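Raw contents of final17.pdb, PDB, C-alpha atoms:
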ATOM      1  CA  MET A   9     -23.528  42.055 -15.642  1.00  0.00           C
ATOM      2  CA  LYS A  10     -21.986  40.707 -18.849  1.00  0.00           C
ATOM      3  CA  LYS A  11     -20.772  37.538 -17.133  1.00  0.00           C
ATOM      4  CA  GLU A  12     -24.126  36.965 -15.460  1.00  0.00           C
ATOM      5  CA  TYR A  13     -25.942  37.420 -18.782  1.00  0.00           C
ATOM      6  CA  SER A  14     -23.566  34.917 -20.425  1.00  0.00           C
ATOM      7  CA  VAL A  15     -24.454  32.339 -17.784  1.00  0.00           C
ATOM      8  CA  PHE A  16     -28.146  33.032 -18.324  1.00  0.00           C
ATOM      9  CA  LEU A  17     -27.826  32.609 -22.093  1.00  0.00           C
ATOM     10  CA  SER A  18     -25.856  29.387 -21.756  1.00  0.00           C
ATOM     11  CA  LEU A  19     -28.441  27.902 -19.427  1.00  0.00           C
ATOM     12  CA  LEU A  20     -31.209  28.900 -21.813  1.00  0.00           C
ATOM     13  CA  LEU A  21     -29.461  27.234 -24.742  1.00  0.00           C
ATOM     14  CA  LEU A  22     -28.881  24.077 -22.703  1.00  0.00           C
ATOM     15  CA  THR A  23     -32.573  23.943 -21.850  1.00  0.00           C
ATOM     16  CA  LEU A  24     -33.550  24.363 -25.493  1.00  0.00           C
ATOM     17  CA  PHE A  25     -31.279  21.488 -26.495  1.00  0.00           C
ATOM     18  CA  SER A  26     -33.011  19.264 -23.933  1.00  0.00           C
ATOM     19  CA  CYS A  27     -36.530  20.328 -24.942  1.00  0.00           C
ATOM     20  CA  ASN A  28     -35.859  19.612 -28.605  1.00  0.00           C
ATOM     21  CA  ASN A  29     -34.804  16.033 -27.917  1.00  0.00           C
ATOM     22  CA  LYS A  30     -37.407  14.635 -25.556  1.00  0.00           C
ATOM     23  CA  LYS A  31     -36.613  10.980 -26.248  1.00  0.00           C
ATOM     24  CA  LEU A  32     -33.019  11.306 -25.067  1.00  0.00           C
ATOM     25  CA  THR A  33     -33.264  13.689 -22.141  1.00  0.00           C
ATOM     26  CA  GLU A  34     -33.864  13.185 -18.456  1.00  0.00           C
ATOM     27  CA  VAL A  35     -36.813  14.677 -16.640  1.00  0.00           C
ATOM     28  CA  VAL A  36     -34.775  17.399 -14.946  1.00  0.00           C
ATOM     29  CA  GLU A  37     -35.972  20.982 -14.855  1.00  0.00           C
ATOM     30  CA  VAL A  38     -33.322  23.514 -13.858  1.00  0.00           C
ATOM     31  CA  PRO A  39     -34.692  26.996 -13.054  1.00  0.00           C
ATOM     32  CA  LEU A  40     -33.043  29.739 -15.063  1.00  0.00           C
ATOM     33  CA  PRO A  41     -31.809  32.903 -13.331  1.00  0.00           C
ATOM     34  CA  SER A  42     -32.879  36.356 -14.403  1.00  0.00           C
ATOM     35  CA  LYS A  43     -30.264  38.557 -16.002  1.00  0.00           C
ATOM     36  CA  GLU A  44     -29.931  40.478 -12.761  1.00  0.00           C
ATOM     37  CA  GLU A  45     -29.732  37.448 -10.505  1.00  0.00           C
ATOM     38  CA  LYS A  46     -26.322  36.381  -9.242  1.00  0.00           C
ATOM     39  CA  MET A  47     -25.377  32.713  -9.429  1.00  0.00           C
ATOM     40  CA  LEU A  48     -24.421  31.585  -5.938  1.00  0.00           C
ATOM     41  CA  ILE A  49     -22.474  28.350  -5.734  1.00  0.00           C
ATOM     42  CA  GLY A  50     -23.524  26.149  -2.834  1.00  0.00           C
ATOM     43  CA  SER A  51     -21.949  23.123  -1.194  1.00  0.00           C
ATOM     44  CA  PRO A  52     -22.437  19.468  -2.192  1.00  0.00           C
ATOM     45  CA  ASP A  53     -22.826  18.668   1.505  1.00  0.00           C
ATOM     46  CA  ASP A  54     -26.167  20.483   1.462  1.00  0.00           C
ATOM     47  CA  VAL A  55     -27.656  18.132  -1.141  1.00  0.00           C
ATOM     48  CA  LYS A  56     -29.555  15.085   0.069  1.00  0.00           C
ATOM     49  CA  ALA A  57     -31.857  12.667  -1.737  1.00  0.00           C
ATOM     50  CA  ASP A  58     -35.299  11.795  -0.449  1.00  0.00           C
ATOM     51  CA  GLU A  59     -35.512   8.775   1.824  1.00  0.00           C
ATOM     52  CA  GLY A  60     -34.979   5.547  -0.081  1.00  0.00           C
ATOM     53  CA  THR A  61     -32.751   2.547  -0.707  1.00  0.00           C
ATOM     54  CA  PHE A  62     -30.088   4.408  -2.663  1.00  0.00           C
ATOM     55  CA  GLN A  63     -28.414   7.616  -1.544  1.00  0.00           C
ATOM     56  CA  MET A  64     -26.113  10.020  -3.328  1.00  0.00           C
ATOM     57  CA  ILE A  65     -22.370   9.578  -3.198  1.00  0.00           C
ATOM     58  CA  LYS A  66     -20.870  12.453  -1.209  1.00  0.00           C
ATOM     59  CA  LEU A  67     -18.413  14.498  -3.203  1.00  0.00           C
ATOM     60  CA  PRO A  68     -14.968  14.526  -1.532  1.00  0.00           C
ATOM     61  CA  TYR A  69     -14.317  17.932  -3.123  1.00  0.00           C
ATOM     62  CA  GLY A  70     -16.158  21.223  -3.601  1.00  0.00           C
ATOM     63  CA  TYR A  71     -17.864  22.241  -6.819  1.00  0.00           C
ATOM     64  CA  GLU A  72     -15.021  24.625  -7.623  1.00  0.00           C
ATOM     65  CA  ALA A  73     -12.210  22.140  -6.985  1.00  0.00           C
ATOM     66  CA  LEU A  74     -11.874  20.888 -10.568  1.00  0.00           C
ATOM     67  CA  ALA A  75     -11.688  24.326 -12.213  1.00  0.00           C
ATOM     68  CA  PRO A  76     -10.701  25.374 -14.813  1.00  0.00           C
ATOM     69  CA  HIS A  77     -11.212  21.945 -16.386  1.00  0.00           C
ATOM     70  CA  MET A  78     -14.735  21.623 -14.965  1.00  0.00           C
ATOM     71  CA  ASP A  79     -16.378  24.831 -13.799  1.00  0.00           C
ATOM     72  CA  ALA A  80     -18.189  25.197 -10.478  1.00  0.00           C
ATOM     73  CA  LEU A  81     -21.611  26.060 -11.905  1.00  0.00           C
ATOM     74  CA  THR A  82     -21.678  23.012 -14.168  1.00  0.00           C
ATOM     75  CA  MET A  83     -20.596  20.777 -11.310  1.00  0.00           C
ATOM     76  CA  GLU A  84     -23.295  22.178  -9.019  1.00  0.00           C
ATOM     77  CA  LEU A  85     -26.104  21.781 -11.547  1.00  0.00           C
ATOM     78  CA  HIS A  86     -24.851  18.348 -12.559  1.00  0.00           C
ATOM     79  CA  TYR A  87     -24.647  17.043  -8.996  1.00  0.00           C
ATOM     80  CA  SER A  88     -27.468  18.856  -7.208  1.00  0.00           C
ATOM     81  CA  LYS A  89     -30.042  18.693 -10.003  1.00  0.00           C
ATOM     82  CA  HIS A  90     -29.372  15.876 -12.484  1.00  0.00           C
ATOM     83  CA  TYR A  91     -27.777  13.314 -10.157  1.00  0.00           C
ATOM     84  CA  LEU A  92     -30.250  14.106  -7.383  1.00  0.00           C
ATOM     85  CA  THR A  93     -33.178  13.572  -9.743  1.00  0.00           C
ATOM     86  CA  TYR A  94     -31.880  10.217 -10.965  1.00  0.00           C
ATOM     87  CA  THR A  95     -31.441   9.087  -7.364  1.00  0.00           C
ATOM     88  CA  ASN A  96     -34.940  10.079  -6.304  1.00  0.00           C
ATOM     89  CA  ASN A  97     -36.533   8.617  -9.423  1.00  0.00           C
ATOM     90  CA  LEU A  98     -34.672   5.325  -8.989  1.00  0.00           C
ATOM     91  CA  ASN A  99     -35.916   4.960  -5.427  1.00  0.00           C
ATOM     92  CA  LYS A 100     -39.473   5.615  -6.580  1.00  0.00           C
ATOM     93  CA  ALA A 101     -39.158   3.097  -9.425  1.00  0.00           C
ATOM     94  CA  ILE A 102     -38.025   0.226  -7.190  1.00  0.00           C
ATOM     95  CA  ALA A 103     -40.192   1.006  -4.149  1.00  0.00           C
ATOM     96  CA  GLY A 104     -42.027  -2.106  -2.973  1.00  0.00           C
ATOM     97  CA  THR A 105     -40.147  -4.448  -5.335  1.00  0.00           C
ATOM     98  CA  GLU A 106     -37.490  -7.099  -4.755  1.00  0.00           C
ATOM     99  CA  LEU A 107     -34.947  -4.753  -6.363  1.00  0.00           C
ATOM    100  CA  GLU A 108     -34.841  -2.739  -3.132  1.00  0.00           C
ATOM    101  CA  GLN A 109     -32.785  -5.557  -1.603  1.00  0.00           C
ATOM    102  CA  LEU A 110     -30.116  -5.583  -4.317  1.00  0.00           C
ATOM    103  CA  ALA A 111     -26.913  -3.646  -4.902  1.00  0.00           C
ATOM    104  CA  ILE A 112     -27.139  -1.223  -7.809  1.00  0.00           C
ATOM    105  CA  GLU A 113     -24.861  -3.441  -9.927  1.00  0.00           C
ATOM    106  CA  GLU A 114     -27.311  -6.328  -9.534  1.00  0.00           C
ATOM    107  CA  VAL A 115     -30.262  -4.071 -10.349  1.00  0.00           C
ATOM    108  CA  LEU A 116     -28.563  -3.124 -13.619  1.00  0.00           C
ATOM    109  CA  LYS A 117     -27.829  -6.739 -14.539  1.00  0.00           C
ATOM    110  CA  LYS A 118     -31.378  -7.884 -13.809  1.00  0.00           C
ATOM    111  CA  LEU A 119     -33.508  -5.013 -15.053  1.00  0.00           C
ATOM    112  CA  ASP A 120     -35.740  -5.311 -18.105  1.00  0.00           C
ATOM    113  CA  VAL A 121     -34.258  -2.927 -20.689  1.00  0.00           C
ATOM    114  CA  ASN A 122     -37.784  -2.379 -22.037  1.00  0.00           C
ATOM    115  CA  ASN A 123     -38.619  -0.690 -18.738  1.00  0.00           C
ATOM    116  CA  SER A 124     -37.328   2.735 -19.770  1.00  0.00           C
ATOM    117  CA  GLU A 125     -38.089   4.412 -16.432  1.00  0.00           C
ATOM    118  CA  LEU A 126     -36.016   1.957 -14.435  1.00  0.00           C
ATOM    119  CA  ARG A 127     -33.347   1.636 -17.113  1.00  0.00           C
ATOM    120  CA  ASN A 128     -32.734   5.384 -17.385  1.00  0.00           C
ATOM    121  CA  ASN A 129     -32.804   6.149 -13.673  1.00  0.00           C
ATOM    122  CA  ALA A 130     -30.823   3.120 -12.488  1.00  0.00           C
ATOM    123  CA  GLY A 131     -28.256   3.830 -15.188  1.00  0.00           C
ATOM    124  CA  GLY A 132     -28.174   7.532 -14.369  1.00  0.00           C
ATOM    125  CA  TYR A 133     -27.642   6.804 -10.688  1.00  0.00           C
ATOM    126  CA  TYR A 134     -24.850   4.260 -11.193  1.00  0.00           C
ATOM    127  CA  ASN A 135     -23.093   6.091 -14.027  1.00  0.00           C
ATOM    128  CA  HIS A 136     -22.892   9.374 -12.145  1.00  0.00           C
ATOM    129  CA  GLY A 137     -21.706   7.720  -8.949  1.00  0.00           C
ATOM    130  CA  LEU A 138     -18.792   6.186 -10.831  1.00  0.00           C
ATOM    131  CA  TYR A 139     -18.115   9.463 -12.610  1.00  0.00           C
ATOM    132  CA  TRP A 140     -17.843  11.512  -9.396  1.00  0.00           C
ATOM    133  CA  GLU A 141     -15.383   9.021  -7.909  1.00  0.00           C
ATOM    134  CA  ASN A 142     -13.294   9.140 -11.118  1.00  0.00           C
ATOM    135  CA  LEU A 143     -12.566  12.811 -10.515  1.00  0.00           C
ATOM    136  CA  ALA A 144     -10.161  14.571  -8.171  1.00  0.00           C
ATOM    137  CA  ALA A 145      -8.453  17.942  -7.847  1.00  0.00           C
ATOM    138  CA  LYS A 146      -4.741  18.169  -8.658  1.00  0.00           C
ATOM    139  CA  SER A 147      -4.792  14.778 -10.341  1.00  0.00           C
ATOM    140  CA  GLY A 148      -4.480  13.569 -13.924  1.00  0.00           C
ATOM    141  CA  GLY A 149      -1.192  12.199 -15.199  1.00  0.00           C
ATOM    142  CA  GLN A 150      -1.003   8.439 -15.734  1.00  0.00           C
ATOM    143  CA  PRO A 151      -1.900   5.355 -13.709  1.00  0.00           C
ATOM    144  CA  LYS A 152       0.725   3.292 -11.957  1.00  0.00           C
ATOM    145  CA  ASP A 153       1.286  -0.315 -10.911  1.00  0.00           C
ATOM    146  CA  SER A 154      -0.857  -3.116 -12.356  1.00  0.00           C
ATOM    147  CA  LEU A 155      -3.310  -0.846 -14.180  1.00  0.00           C
ATOM    148  CA  ALA A 156      -0.437   0.811 -16.036  1.00  0.00           C
ATOM    149  CA  VAL A 157       0.851  -2.630 -17.006  1.00  0.00           C
ATOM    150  CA  ALA A 158      -2.612  -3.728 -18.176  1.00  0.00           C
ATOM    151  CA  ILE A 159      -3.090  -0.578 -20.283  1.00  0.00           C
ATOM    152  CA  LYS A 160       0.250  -1.150 -21.997  1.00  0.00           C
ATOM    153  CA  ARG A 161      -0.625  -4.835 -22.515  1.00  0.00           C
ATOM    154  CA  ASP A 162      -4.053  -4.201 -24.045  1.00  0.00           C
ATOM    155  CA  PHE A 163      -3.504  -0.894 -25.889  1.00  0.00           C
ATOM    156  CA  GLY A 164       0.230  -0.789 -26.544  1.00  0.00           C
ATOM    157  CA  SER A 165       0.827   2.423 -24.608  1.00  0.00           C
ATOM    158  CA  PHE A 166      -0.946   4.967 -22.436  1.00  0.00           C
ATOM    159  CA  ASP A 167      -0.998   7.449 -25.311  1.00  0.00           C
ATOM    160  CA  GLU A 168      -2.745   4.926 -27.541  1.00  0.00           C
ATOM    161  CA  PHE A 169      -5.277   4.186 -24.808  1.00  0.00           C
ATOM    162  CA  LYS A 170      -5.906   7.915 -24.397  1.00  0.00           C
ATOM    163  CA  ASN A 171      -6.392   8.358 -28.150  1.00  0.00           C
ATOM    164  CA  GLN A 172      -8.859   5.472 -28.344  1.00  0.00           C
ATOM    165  CA  PHE A 173     -10.815   6.638 -25.297  1.00  0.00           C
ATOM    166  CA  GLU A 174     -11.066  10.208 -26.591  1.00  0.00           C
ATOM    167  CA  ASP A 175     -12.139   8.882 -29.979  1.00  0.00           C
ATOM    168  CA  ALA A 176     -14.915   6.747 -28.440  1.00  0.00           C
ATOM    169  CA  ALA A 177     -16.173   9.718 -26.411  1.00  0.00           C
ATOM    170  CA  SER A 178     -16.037  12.091 -29.377  1.00  0.00           C
ATOM    171  CA  LYS A 179     -17.864   9.722 -31.724  1.00  0.00           C
ATOM    172  CA  GLN A 180     -20.681   8.875 -29.302  1.00  0.00           C
ATOM    173  CA  PHE A 181     -23.609  10.359 -31.194  1.00  0.00           C
ATOM    174  CA  GLY A 182     -25.821  12.549 -29.047  1.00  0.00           C
ATOM    175  CA  SER A 183     -25.932  12.002 -25.303  1.00  0.00           C
ATOM    176  CA  GLY A 184     -24.113   9.124 -23.659  1.00  0.00           C
ATOM    177  CA  TRP A 185     -20.983   7.849 -21.967  1.00  0.00           C
ATOM    178  CA  ALA A 186     -17.474   6.579 -22.739  1.00  0.00           C
ATOM    179  CA  TRP A 187     -16.111   3.683 -20.673  1.00  0.00           C
ATOM    180  CA  LEU A 188     -13.007   1.728 -19.792  1.00  0.00           C
ATOM    181  CA  VAL A 189     -14.096  -1.733 -18.665  1.00  0.00           C
ATOM    182  CA  THR A 190     -12.570  -4.997 -17.568  1.00  0.00           C
ATOM    183  CA  ASP A 191     -14.230  -7.873 -19.414  1.00  0.00           C
ATOM    184  CA  ARG A 192     -14.751 -11.399 -18.076  1.00  0.00           C
ATOM    185  CA  SER A 193     -11.365 -12.527 -19.422  1.00  0.00           C
ATOM    186  CA  GLY A 194      -9.610  -9.715 -17.538  1.00  0.00           C
ATOM    187  CA  LYS A 195      -8.878  -7.683 -20.660  1.00  0.00           C
ATOM    188  CA  LEU A 196      -9.364  -3.924 -20.713  1.00  0.00           C
ATOM    189  CA  GLN A 197     -11.742  -2.621 -23.378  1.00  0.00           C
ATOM    190  CA  ILE A 198     -13.046   0.798 -24.403  1.00  0.00           C
ATOM    191  CA  THR A 199     -16.678   1.252 -25.329  1.00  0.00           C
ATOM    192  CA  SER A 200     -19.448   3.842 -25.369  1.00  0.00           C
ATOM    193  CA  THR A 201     -23.166   3.734 -24.625  1.00  0.00           C
ATOM    194  CA  ALA A 202     -26.133   5.949 -25.433  1.00  0.00           C
ATOM    195  CA  ASN A 203     -28.220   7.876 -22.928  1.00  0.00           C
ATOM    196  CA  GLN A 204     -27.821   6.325 -19.434  1.00  0.00           C
ATOM    197  CA  ASP A 205     -26.982   2.788 -20.560  1.00  0.00           C
ATOM    198  CA  ASN A 206     -23.784   1.129 -19.338  1.00  0.00           C
ATOM    199  CA  PRO A 207     -21.713  -2.034 -19.861  1.00  0.00           C
ATOM    200  CA  LEU A 208     -23.424  -3.899 -16.989  1.00  0.00           C
ATOM    201  CA  MET A 209     -26.769  -4.003 -18.800  1.00  0.00           C
ATOM    202  CA  THR A 210     -27.858  -6.998 -20.860  1.00  0.00           C
ATOM    203  CA  ASN A 211     -28.117  -4.899 -24.032  1.00  0.00           C
ATOM    204  CA  ALA A 212     -24.493  -3.697 -23.888  1.00  0.00           C
ATOM    205  CA  THR A 213     -22.426  -4.248 -27.036  1.00  0.00           C
ATOM    206  CA  VAL A 214     -19.289  -4.630 -24.900  1.00  0.00           C
ATOM    207  CA  LYS A 215     -20.027  -6.119 -21.492  1.00  0.00           C
ATOM    208  CA  GLY A 216     -17.723  -5.704 -18.539  1.00  0.00           C
ATOM    209  CA  THR A 217     -17.107  -4.071 -15.185  1.00  0.00           C
ATOM    210  CA  PRO A 218     -16.700  -0.296 -15.622  1.00  0.00           C
ATOM    211  CA  ILE A 219     -13.609   1.225 -14.011  1.00  0.00           C
ATOM    212  CA  LEU A 220     -13.582   4.633 -15.754  1.00  0.00           C
ATOM    213  CA  ALA A 221     -16.537   6.669 -17.021  1.00  0.00           C
ATOM    214  CA  LEU A 222     -16.862   9.955 -18.895  1.00  0.00           C
ATOM    215  CA  ASP A 223     -20.222  11.711 -19.155  1.00  0.00           C
ATOM    216  CA  VAL A 224     -20.702  13.280 -22.602  1.00  0.00           C
ATOM    217  CA  TRP A 225     -24.255  14.508 -22.074  1.00  0.00           C
ATOM    218  CA  GLU A 226     -24.498  18.227 -22.835  1.00  0.00           C
ATOM    219  CA  HIS A 227     -25.253  19.015 -19.192  1.00  0.00           C
ATOM    220  CA  ALA A 228     -21.754  17.799 -18.258  1.00  0.00           C
ATOM    221  CA  TYR A 229     -19.914  20.435 -20.288  1.00  0.00           C
ATOM    222  CA  TYR A 230     -22.069  22.868 -22.262  1.00  0.00           C
ATOM    223  CA  LEU A 231     -21.920  25.885 -19.935  1.00  0.00           C
ATOM    224  CA  ASN A 232     -18.125  25.927 -20.098  1.00  0.00           C
ATOM    225  CA  TYR A 233     -17.322  24.374 -23.482  1.00  0.00           C
ATOM    226  CA  GLN A 234     -20.518  24.967 -25.525  1.00  0.00           C
ATOM    227  CA  TYR A 235     -20.254  22.836 -28.705  1.00  0.00           C
ATOM    228  CA  LYS A 236     -16.558  21.997 -28.147  1.00  0.00           C
ATOM    229  CA  ARG A 237     -17.049  18.505 -26.736  1.00  0.00           C
ATOM    230  CA  LYS A 238     -13.548  17.462 -27.800  1.00  0.00           C
ATOM    231  CA  LYS A 239     -12.016  20.181 -25.585  1.00  0.00           C
ATOM    232  CA  PHE A 240     -14.020  18.865 -22.625  1.00  0.00           C
ATOM    233  CA  ILE A 241     -12.881  15.306 -23.313  1.00  0.00           C
ATOM    234  CA  GLU A 242      -9.253  16.434 -23.404  1.00  0.00           C
ATOM    235  CA  ALA A 243      -9.725  18.374 -20.160  1.00  0.00           C
ATOM    236  CA  PHE A 244     -11.151  15.268 -18.469  1.00  0.00           C
ATOM    237  CA  PHE A 245      -7.691  13.691 -18.475  1.00  0.00           C
ATOM    238  CA  ASN A 246      -6.448  16.488 -16.208  1.00  0.00           C
ATOM    239  CA  VAL A 247      -8.819  15.508 -13.389  1.00  0.00           C
ATOM    240  CA  ILE A 248      -8.888  11.701 -13.511  1.00  0.00           C
ATOM    241  CA  ASN A 249      -8.384  10.116 -10.102  1.00  0.00           C
ATOM    242  CA  TRP A 250      -6.156   7.278 -11.258  1.00  0.00           C
ATOM    243  CA  LYS A 251      -5.759   5.975  -7.727  1.00  0.00           C
ATOM    244  CA  LYS A 252      -9.502   5.283  -7.554  1.00  0.00           C
ATOM    245  CA  VAL A 253      -9.571   3.853 -11.078  1.00  0.00           C
ATOM    246  CA  SER A 254      -6.735   1.498 -10.115  1.00  0.00           C
ATOM    247  CA  GLU A 255      -8.673   0.359  -7.047  1.00  0.00           C
ATOM    248  CA  ARG A 256     -11.669  -0.410  -9.242  1.00  0.00           C
ATOM    249  CA  TYR A 257      -9.427  -2.335 -11.614  1.00  0.00           C
ATOM    250  CA  GLU A 258      -8.131  -4.532  -8.806  1.00  0.00           C
ATOM    251  CA  GLU A 259     -11.717  -5.211  -7.678  1.00  0.00           C
ATOM    252  CA  ALA A 260     -12.884  -5.888 -11.241  1.00  0.00           C
ATOM    253  CA  LYS A 261     -10.248  -8.572 -11.790  1.00  0.00           C
ATOM    254  CA  ASN A 262     -12.084 -10.710  -9.255  1.00  0.00           C
ATOM    255  CA  VAL A 263     -15.525 -10.259 -10.850  1.00  0.00           C
ATOM    256  CA  LYS A 264     -16.701 -13.183 -12.968  1.00  0.00           C
TER     257      LYS A 264
END
What's the structure tokens form of this structure?
Amino acid sequence: MKKEYSVFLSLLLLTLFSCNNKKLTEVVEVPLPSKEEKMLIGSPDDVKADEGTFQMIKLPYGYEALAPHMDALTMELHYSKHYLTYTNNLNKAIAGTELEQLAIEEVLKKLDVNNSELRNNAGGYYNHGLYWENLAAKSGGQPKDSLAVAIKRDFGSFDEFKNQFEDAASKQFGSGWAWLVTDRSGKLQITSTANQDNPLMTNATVKGTPILALDVWEHAYYLNYQYKRKKFIEAFFNVINWKKVSERYEEAKNVK
């Protein structure tokens, strides 16, 4: 009972944080369990977006696979509620427009940043898709091959890269993301963005092709880490799928 009540209280606090900051939050309502209700963890395979141009990336792991670094309940709510909502809202926002014919990267590059509905939902869809693919069970460590060489070239060492990335994520005020990108010159850069913005958008301070993303919205960590965002950021490095990040790096080198 104590554990179930703790989950209930954490969910309630997370909801209050969202309600008190309407300008920065997504339109996602997550039903809270009663104190007596057990939290049953489902399967990501059971989650499907409404019919539309863009569909959800299938998780190649279960919700519990990244524990203890990322707990199963957070992963389920994050994927089956937040990500699902962004996907459905994006499809509604572009229905009947020329954007339906474009890849999500092109949508992000072309969208009017004053169109907050499209901006938030297109960003939320793309950002989360990259985030899920960045993660893997029994991973972490350090990258190899050309990405390892590039990190040493542009940051001096992997440890220095890690320090700078953690610093960018920690200092992102409020909700947002931390990124490792490849810019047009082929150099690796670290940046952060607010809300659901990303480095592909025209308003980005540092523009480039994202190859690594960390979600620092409260919904990504609050149930497990509460206010200790720094602990969550440190834990992220234990579940990074460096093989996938390296593949994205190789692809990004050819993007102009």
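Picked out by the PyMOL selection byres ((chain A and resi 121-136) around 7) when it runs on this file: Tyr91, Tyr94, Thr95, Asn97, Leu98, Ala101, Ile112, Leu116, Leu119, Asp120, Gly137, Leu138, Tyr139, Trp140, Gln204, Asp205 and Asn206 of chain A.
Of the residues listed (A:Gly50, A:Pro218, A:Gly182, A:Pro207), A:Gly50 shows the shortest atom-to-atom separation from Gly70 in chain A; distances use all atoms listed in the file.
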Contact check, range 80-131 of chain A to range 231-255 of chain A, at most 10 Å, counting all atoms listed in the file, closest pairs as a tab-separated table:
residue	atom	partner	partner_atom	distance
A:Ala80	CA	A:Asn232	CA	9.6
A:Leu81	CA	A:Leu231	CA	8.0
A:Thr82	CA	A:Leu231	CA	6.4
Can you tell me which residues surround Phe163 in chain A at a distance of at most 12 Å, considering all atoms listed in the file, apart from same-chain residues fewer than 2 positions away, and format the answer as a CSV table (one decimal) with C-alpha atoms, keeping the file's coordinate frame?
chain,number,residue,atom,x,y,z
A,155,LEU,CA,-3.3,-0.8,-14.2
A,156,ALA,CA,-0.4,0.8,-16.0
A,157,VAL,CA,0.9,-2.6,-17.0
A,158,ALA,CA,-2.6,-3.7,-18.2
A,159,ILE,CA,-3.1,-0.6,-20.3
A,160,LYS,CA,0.2,-1.2,-22.0
A,161,ARG,CA,-0.6,-4.8,-22.5
A,165,SER,CA,0.8,2.4,-24.6
A,166,PHE,CA,-0.9,5.0,-22.4
A,167,ASP,CA,-1.0,7.4,-25.3
A,168,GLU,CA,-2.7,4.9,-27.5
A,169,PHE,CA,-5.3,4.2,-24.8
A,170,LYS,CA,-5.9,7.9,-24.4
A,171,ASN,CA,-6.4,8.4,-28.2
A,172,GLN,CA,-8.9,5.5,-28.3
A,173,PHE,CA,-10.8,6.6,-25.3
A,188,LEU,CA,-13.0,1.7,-19.8
A,195,LYS,CA,-8.9,-7.7,-20.7
A,196,LEU,CA,-9.4,-3.9,-20.7
A,197,GLN,CA,-11.7,-2.6,-23.4
A,198,ILE,CA,-13.0,0.8,-24.4
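If all atoms listed in the file are the atoms counted, then among A:Asn99, A:Asn211, A:Thr201, A:Thr93 the closest residue to Glu59 in chain A is A:Asn99.
Minimum atom-to-atom distances from A:Asp53, A:Tyr229, A:Ala103, A:Leu74 to Lys146 in chain A were compared using all atoms listed in the file, and the lowest value belongs to A:Leu74.
Between CA of Met64 in chain A and CA of Ser51 in chain A the separation is 13.9 Å.
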Determine the residue membership of the PyMOL selection byres ((chain A and resi 193) around 10) for the file above and supply it as an mmCIF file with C-alpha atoms, keeping the file's coordinate frame.
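The resulting result-v9.cif:
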data_model
loop_
_atom_site.group_PDB
_atom_site.id
_atom_site.type_symbol
_atom_site.label_atom_id
_atom_site.label_comp_id
_atom_site.auth_asym_id
_atom_site.auth_seq_id
_atom_site.Cartn_x
_atom_site.Cartn_y
_atom_site.Cartn_z
ATOM 1 C CA THR A 190 -12.570 -4.997 -17.568
ATOM 2 C CA ASP A 191 -14.230 -7.873 -19.414
ATOM 3 C CA ARG A 192 -14.751 -11.399 -18.076
ATOM 4 C CA GLY A 194 -9.610 -9.715 -17.538
ATOM 5 C CA LYS A 195 -8.878 -7.683 -20.660
ATOM 6 C CA LEU A 196 -9.364 -3.924 -20.713
ATOM 7 C CA GLY A 216 -17.723 -5.704 -18.539
ATOM 8 C CA LYS A 261 -10.248 -8.572 -11.790
ATOM 9 C CA VAL A 263 -15.525 -10.259 -10.850
ATOM 10 C CA LYS A 264 -16.701 -13.183 -12.968
#
Coordinates-based distance that separates CA of Asp223 in chain A from CA of Glu174 in chain A (Å, one decimal): 11.9 Å
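Separating CA of Lys179 in chain A from CA of Val224 in chain A is a distance of 10.2 Å.
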Explicit residue set for the PyMOL selection byres ((chain A and resi 117) around 8), as a ChimeraX atom specification: /A:113-116,118-119,208-210
